[in-house]
Amino acid sequence: MKIHRISNWCPLFWFGAGAITLGQHILFKNSYYEKLNRSDLVVIIVHEKVHSRQQNQIGWIWFFKYIFSSKFRLSQEIEAYAEQLLFYIQNTEKSLASLISRMAKQLSGRTYMYMVTKERAEQLLIERLKEKGL
Ligand SMILES: [Zn+2]
């Protein structure tokens, strides 16, 4: 993955995302990147790699589906967040319950255009972890 730092004013970041993946490239909003420490960066790369893989599987149509279908966007984000959770479980001592709660809050917010309720997002993350055998 190649990392790029992009101007805060770029329209890609209007909805509040701090990082966006296009194929093998991760575009970071400059002000967001500056606040990240090393371990934040690692976790974001774990997340964005999932989107890179998803995009690679279905091609350019991924972006249209992601923007216009909240159901699709949710499925893609649950996959990426679940991967992030697995990474945290393997590499940190952070409380799983508080991680899930924090992620569900993000998933239900403006950045993802209010695609899901916090409760439903929590449920989906837990289901996904169970599927992975946790
Ligand atoms: Zn994502």
# chains A, B, ... in the order shown; residues from 1 in each chain; ligands from 1
>>> closest_atom_pairs(of="chain A", to="ligand 1", cutoff="9 Å", atoms="only C-alpha atoms and all ligand atoms", output="tab-separated table")
residue	atom	partner	partner_atom_place_in_ligand_line	distance
A:Ala17	CA	ligand 1	1 (Zn)	8.8
A:Ala19	CA	ligand 1	1 (Zn)	8.3
A:Ile20	CA	ligand 1	1 (Zn)	7.7
A:Thr21	CA	ligand 1	1 (Zn)	8.4
A:Ile44	CA	ligand 1	1 (Zn)	8.8
A:His47	CA	ligand 1	1 (Zn)	6.2
A:Glu48	CA	ligand 1	1 (Zn)	6.2
A:Val50	CA	ligand 1	1 (Zn)	8.0
A:His51	CA	ligand 1	1 (Zn)	6.5
A:Arg73	CA	ligand 1	1 (Zn)	8.5
A:Gln76	CA	ligand 1	1 (Zn)	7.1
A:Glu77	CA	ligand 1	1 (Zn)	4.9
A:Ile78	CA	ligand 1	1 (Zn)	8.2
A:Glu79	CA	ligand 1	1 (Zn)	8.6
A:Ala80	CA	ligand 1	1 (Zn)	5.8
A:Tyr81	CA	ligand 1	1 (Zn)	7.1
A:Tyr112	CA	ligand 1	1 (Zn)	8.7
>>> write_last_selection(atoms="N, CA and C atoms", output="PDB file, in the first residue's frame")
ATOM      1  N   ALA A  17     -14.409  11.520   6.678  1.00  0.00           N
ATOM      2  CA  ALA A  17     -13.436  10.425   6.671  1.00  0.00           C
ATOM      3  C   ALA A  17     -12.030  11.008   6.789  1.00  0.00           C
ATOM      4  N   ALA A  19      -9.299   8.908   6.050  1.00  0.00           N
ATOM      5  CA  ALA A  19      -8.492   8.152   5.095  1.00  0.00           C
ATOM      6  C   ALA A  19      -9.411   7.463   4.090  1.00  0.00           C
ATOM      7  N   ILE A  20      -8.973   7.438   2.844  1.00  0.00           N
ATOM      8  CA  ILE A  20      -9.763   6.808   1.785  1.00  0.00           C
ATOM      9  C   ILE A  20      -8.815   5.965   0.934  1.00  0.00           C
ATOM     10  N   THR A  21      -9.275   4.760   0.594  1.00  0.00           N
ATOM     11  CA  THR A  21      -8.413   3.897  -0.211  1.00  0.00           C
ATOM     12  C   THR A  21      -8.888   3.833  -1.650  1.00  0.00           C
ATOM     13  N   ILE A  44      -5.047   1.569  10.925  1.00  0.00           N
ATOM     14  CA  ILE A  44      -5.744   2.129   9.759  1.00  0.00           C
ATOM     15  C   ILE A  44      -5.327   1.387   8.487  1.00  0.00           C
ATOM     16  N   HIS A  47      -7.236  -1.764   8.263  1.00  0.00           N
ATOM     17  CA  HIS A  47      -8.605  -1.471   7.802  1.00  0.00           C
ATOM     18  C   HIS A  47      -8.633  -1.189   6.291  1.00  0.00           C
ATOM     19  N   GLU A  48      -7.752  -0.324   5.852  1.00  0.00           N
ATOM     20  CA  GLU A  48      -7.784   0.107   4.446  1.00  0.00           C
ATOM     21  C   GLU A  48      -7.353  -1.014   3.493  1.00  0.00           C
ATOM     22  N   VAL A  50      -8.284  -3.999   3.735  1.00  0.00           N
ATOM     23  CA  VAL A  50      -9.513  -4.754   3.460  1.00  0.00           C
ATOM     24  C   VAL A  50     -10.261  -4.092   2.297  1.00  0.00           C
ATOM     25  N   HIS A  51     -10.360  -2.762   2.322  1.00  0.00           N
ATOM     26  CA  HIS A  51     -11.047  -2.065   1.222  1.00  0.00           C
ATOM     27  C   HIS A  51     -10.292  -2.245  -0.097  1.00  0.00           C
ATOM     28  N   ARG A  73     -22.310  -0.485   1.639  1.00  0.00           N
ATOM     29  CA  ARG A  73     -21.314   0.241   2.437  1.00  0.00           C
ATOM     30  C   ARG A  73     -21.167  -0.416   3.817  1.00  0.00           C
ATOM     31  N   GLN A  76     -19.268  -3.729   3.666  1.00  0.00           N
ATOM     32  CA  GLN A  76     -17.834  -3.528   3.437  1.00  0.00           C
ATOM     33  C   GLN A  76     -17.140  -3.017   4.698  1.00  0.00           C
ATOM     34  N   GLU A  77     -17.816  -2.120   5.406  1.00  0.00           N
ATOM     35  CA  GLU A  77     -17.220  -1.563   6.623  1.00  0.00           C
ATOM     36  C   GLU A  77     -17.193  -2.571   7.774  1.00  0.00           C
ATOM     37  N   ILE A  78     -18.237  -3.391   7.873  1.00  0.00           N
ATOM     38  CA  ILE A  78     -18.240  -4.407   8.936  1.00  0.00           C
ATOM     39  C   ILE A  78     -17.045  -5.338   8.735  1.00  0.00           C
ATOM     40  N   GLU A  79     -16.788  -5.712   7.494  1.00  0.00           N
ATOM     41  CA  GLU A  79     -15.647  -6.571   7.189  1.00  0.00           C
ATOM     42  C   GLU A  79     -14.331  -5.893   7.603  1.00  0.00           C
ATOM     43  N   ALA A  80     -14.203  -4.611   7.264  1.00  0.00           N
ATOM     44  CA  ALA A  80     -12.962  -3.889   7.583  1.00  0.00           C
ATOM     45  C   ALA A  80     -12.803  -3.672   9.092  1.00  0.00           C
ATOM     46  N   TYR A  81     -13.882  -3.314   9.750  1.00  0.00           N
ATOM     47  CA  TYR A  81     -13.809  -3.097  11.206  1.00  0.00           C
ATOM     48  C   TYR A  81     -13.558  -4.410  11.957  1.00  0.00           C
ATOM     49  N   TYR A 112     -20.141   7.749   7.732  1.00  0.00           N
ATOM     50  CA  TYR A 112     -20.693   6.691   6.880  1.00  0.00           C
ATOM     51  C   TYR A 112     -22.133   6.992   6.483  1.00  0.00           C
TER      52      TYR A 112
END
>>> atom_distance(atom1="CA of Ile89 in chain A", atom2="CA of Ala121 in chain A")
18.5 Å
>>> atom_distance(atom1="CA of Ile100 in chain A", atom2="CA of Leu125 in chain A")
7.1 Å
>>> select_by_dssp(residues="chain A", states="strand (DSSP E or B)", output="ChimeraX atom specification")
/A:2-6,19-22,25-29
>>> closest_residue(among="A:Gln84, A:Gln24, A:Asn37, A:Asn91", to="Leu129 in chain A", atoms="only C-alpha atoms")
A:Gln84
>>> atom_distance(atom1="CA of Asn30 in chain A", atom2="CA of Phe15 in chain A")
15.0 Å
>>> residues_around(residues="Lys105 in chain A", least_positions_apart="6", cutoff="9 Å", atoms="only C-alpha atoms", output="list in words")
Thr117, Lys118, Glu119, Ala121 and Glu122 of chain A
>>> decode(residues="range 8-111 of chain A", atoms="C-alpha atoms", output="PDB file, in the first residue's frame")
ATOM      1  CA  ASN A   8      -7.746  19.006   4.111  1.00  0.00           C
ATOM      2  CA  TRP A   9      -9.913  20.786   1.559  1.00  0.00           C
ATOM      3  CA  CYS A  10     -10.128  17.876  -0.858  1.00  0.00           C
ATOM      4  CA  PRO A  11     -13.857  17.036  -1.399  1.00  0.00           C
ATOM      5  CA  LEU A  12     -13.133  13.361  -0.703  1.00  0.00           C
ATOM      6  CA  PHE A  13     -12.993  14.269   2.981  1.00  0.00           C
ATOM      7  CA  TRP A  14     -16.204  16.314   3.174  1.00  0.00           C
ATOM      8  CA  PHE A  15     -18.103  13.609   4.998  1.00  0.00           C
ATOM      9  CA  GLY A  16     -15.529  13.398   7.739  1.00  0.00           C
ATOM     10  CA  ALA A  17     -13.436  10.425   6.671  1.00  0.00           C
ATOM     11  CA  GLY A  18      -9.751  10.721   7.565  1.00  0.00           C
ATOM     12  CA  ALA A  19      -8.492   8.152   5.095  1.00  0.00           C
ATOM     13  CA  ILE A  20      -9.763   6.808   1.785  1.00  0.00           C
ATOM     14  CA  THR A  21      -8.413   3.897  -0.211  1.00  0.00           C
ATOM     15  CA  LEU A  22      -8.205   3.813  -3.978  1.00  0.00           C
ATOM     16  CA  GLY A  23      -6.763   0.483  -5.056  1.00  0.00           C
ATOM     17  CA  GLN A  24      -3.233   0.284  -3.680  1.00  0.00           C
ATOM     18  CA  HIS A  25      -3.234   3.900  -2.477  1.00  0.00           C
ATOM     19  CA  ILE A  26      -4.342   5.236   0.886  1.00  0.00           C
ATOM     20  CA  LEU A  27      -5.156   8.933   0.807  1.00  0.00           C
ATOM     21  CA  PHE A  28      -4.901  10.570   4.212  1.00  0.00           C
ATOM     22  CA  LYS A  29      -6.406  13.908   5.106  1.00  0.00           C
ATOM     23  CA  ASN A  30      -3.368  15.910   6.142  1.00  0.00           C
ATOM     24  CA  SER A  31      -4.659  17.141   9.511  1.00  0.00           C
ATOM     25  CA  TYR A  32      -5.852  13.638  10.359  1.00  0.00           C
ATOM     26  CA  TYR A  33      -2.508  12.047   9.478  1.00  0.00           C
ATOM     27  CA  GLU A  34      -0.619  14.510  11.662  1.00  0.00           C
ATOM     28  CA  LYS A  35      -2.520  13.404  14.771  1.00  0.00           C
ATOM     29  CA  LEU A  36      -1.859   9.700  14.273  1.00  0.00           C
ATOM     30  CA  ASN A  37       0.730   7.820  16.249  1.00  0.00           C
ATOM     31  CA  ARG A  38       2.524   4.781  14.908  1.00  0.00           C
ATOM     32  CA  SER A  39       0.014   2.222  16.205  1.00  0.00           C
ATOM     33  CA  ASP A  40      -3.007   4.218  14.944  1.00  0.00           C
ATOM     34  CA  LEU A  41      -1.396   4.198  11.534  1.00  0.00           C
ATOM     35  CA  VAL A  42      -0.848   0.441  11.601  1.00  0.00           C
ATOM     36  CA  VAL A  43      -4.488  -0.185  12.496  1.00  0.00           C
ATOM     37  CA  ILE A  44      -5.744   2.129   9.759  1.00  0.00           C
ATOM     38  CA  ILE A  45      -3.609   0.306   7.227  1.00  0.00           C
ATOM     39  CA  VAL A  46      -5.149  -2.989   8.408  1.00  0.00           C
ATOM     40  CA  HIS A  47      -8.605  -1.471   7.802  1.00  0.00           C
ATOM     41  CA  GLU A  48      -7.784   0.107   4.446  1.00  0.00           C
ATOM     42  CA  LYS A  49      -6.131  -3.067   3.158  1.00  0.00           C
ATOM     43  CA  VAL A  50      -9.513  -4.754   3.460  1.00  0.00           C
ATOM     44  CA  HIS A  51     -11.047  -2.065   1.222  1.00  0.00           C
ATOM     45  CA  SER A  52      -8.195  -2.468  -1.212  1.00  0.00           C
ATOM     46  CA  ARG A  53      -8.909  -6.201  -1.412  1.00  0.00           C
ATOM     47  CA  GLN A  54     -12.663  -5.572  -1.770  1.00  0.00           C
ATOM     48  CA  GLN A  55     -12.056  -3.087  -4.597  1.00  0.00           C
ATOM     49  CA  ASN A  56      -9.720  -5.485  -6.287  1.00  0.00           C
ATOM     50  CA  GLN A  57     -12.373  -8.217  -6.207  1.00  0.00           C
ATOM     51  CA  ILE A  58     -15.149  -6.309  -7.958  1.00  0.00           C
ATOM     52  CA  GLY A  59     -13.395  -3.420  -9.699  1.00  0.00           C
ATOM     53  CA  TRP A  60     -14.456   0.205 -10.156  1.00  0.00           C
ATOM     54  CA  ILE A  61     -18.114  -0.568  -9.482  1.00  0.00           C
ATOM     55  CA  TRP A  62     -17.108  -0.854  -5.819  1.00  0.00           C
ATOM     56  CA  PHE A  63     -16.994   2.951  -5.480  1.00  0.00           C
ATOM     57  CA  PHE A  64     -20.476   3.437  -6.898  1.00  0.00           C
ATOM     58  CA  LYS A  65     -21.949   0.743  -4.721  1.00  0.00           C
ATOM     59  CA  TYR A  66     -20.125   2.127  -1.698  1.00  0.00           C
ATOM     60  CA  ILE A  67     -21.488   5.624  -2.254  1.00  0.00           C
ATOM     61  CA  PHE A  68     -25.042   4.787  -3.321  1.00  0.00           C
ATOM     62  CA  SER A  69     -25.926   1.646  -1.378  1.00  0.00           C
ATOM     63  CA  SER A  70     -25.916   1.963   2.396  1.00  0.00           C
ATOM     64  CA  LYS A  71     -26.415  -1.789   2.647  1.00  0.00           C
ATOM     65  CA  PHE A  72     -23.300  -2.440   0.585  1.00  0.00           C
ATOM     66  CA  ARG A  73     -21.314   0.241   2.437  1.00  0.00           C
ATOM     67  CA  LEU A  74     -22.281  -1.376   5.737  1.00  0.00           C
ATOM     68  CA  SER A  75     -21.219  -4.851   4.596  1.00  0.00           C
ATOM     69  CA  GLN A  76     -17.834  -3.528   3.437  1.00  0.00           C
ATOM     70  CA  GLU A  77     -17.220  -1.563   6.623  1.00  0.00           C
ATOM     71  CA  ILE A  78     -18.240  -4.407   8.936  1.00  0.00           C
ATOM     72  CA  GLU A  79     -15.647  -6.571   7.189  1.00  0.00           C
ATOM     73  CA  ALA A  80     -12.962  -3.889   7.583  1.00  0.00           C
ATOM     74  CA  TYR A  81     -13.809  -3.097  11.206  1.00  0.00           C
ATOM     75  CA  ALA A  82     -13.924  -6.790  12.109  1.00  0.00           C
ATOM     76  CA  GLU A  83     -10.421  -7.162  10.688  1.00  0.00           C
ATOM     77  CA  GLN A  84      -9.365  -4.220  12.830  1.00  0.00           C
ATOM     78  CA  LEU A  85     -10.889  -5.911  15.895  1.00  0.00           C
ATOM     79  CA  LEU A  86      -8.979  -9.107  15.177  1.00  0.00           C
ATOM     80  CA  PHE A  87      -5.816  -7.070  14.967  1.00  0.00           C
ATOM     81  CA  TYR A  88      -6.523  -5.421  18.331  1.00  0.00           C
ATOM     82  CA  ILE A  89      -7.286  -8.787  19.924  1.00  0.00           C
ATOM     83  CA  GLN A  90      -3.983 -10.211  18.714  1.00  0.00           C
ATOM     84  CA  ASN A  91      -1.834  -7.180  19.444  1.00  0.00           C
ATOM     85  CA  THR A  92      -3.225  -5.156  22.318  1.00  0.00           C
ATOM     86  CA  GLU A  93      -4.825  -5.499  25.715  1.00  0.00           C
ATOM     87  CA  LYS A  94      -7.684  -3.149  24.883  1.00  0.00           C
ATOM     88  CA  SER A  95     -11.136  -4.073  26.131  1.00  0.00           C
ATOM     89  CA  LEU A  96     -13.109  -5.737  23.361  1.00  0.00           C
ATOM     90  CA  ALA A  97     -16.430  -4.375  24.624  1.00  0.00           C
ATOM     91  CA  SER A  98     -15.237  -0.779  24.547  1.00  0.00           C
ATOM     92  CA  LEU A  99     -13.644  -1.235  21.118  1.00  0.00           C
ATOM     93  CA  ILE A 100     -16.878  -2.630  19.715  1.00  0.00           C
ATOM     94  CA  SER A 101     -18.859   0.209  21.268  1.00  0.00           C
ATOM     95  CA  ARG A 102     -16.501   2.847  19.870  1.00  0.00           C
ATOM     96  CA  MET A 103     -16.530   1.298  16.395  1.00  0.00           C
ATOM     97  CA  ALA A 104     -20.313   0.983  16.394  1.00  0.00           C
ATOM     98  CA  LYS A 105     -20.524   4.668  17.241  1.00  0.00           C
ATOM     99  CA  GLN A 106     -18.304   5.521  14.262  1.00  0.00           C
ATOM    100  CA  LEU A 107     -20.242   3.203  11.957  1.00  0.00           C
ATOM    101  CA  SER A 108     -23.545   4.845  12.908  1.00  0.00           C
ATOM    102  CA  GLY A 109     -22.264   8.391  12.396  1.00  0.00           C
ATOM    103  CA  ARG A 110     -21.915  11.035   9.722  1.00  0.00           C
ATOM    104  CA  THR A 111     -18.713   9.654   8.206  1.00  0.00           C
TER     105      THR A 111
END
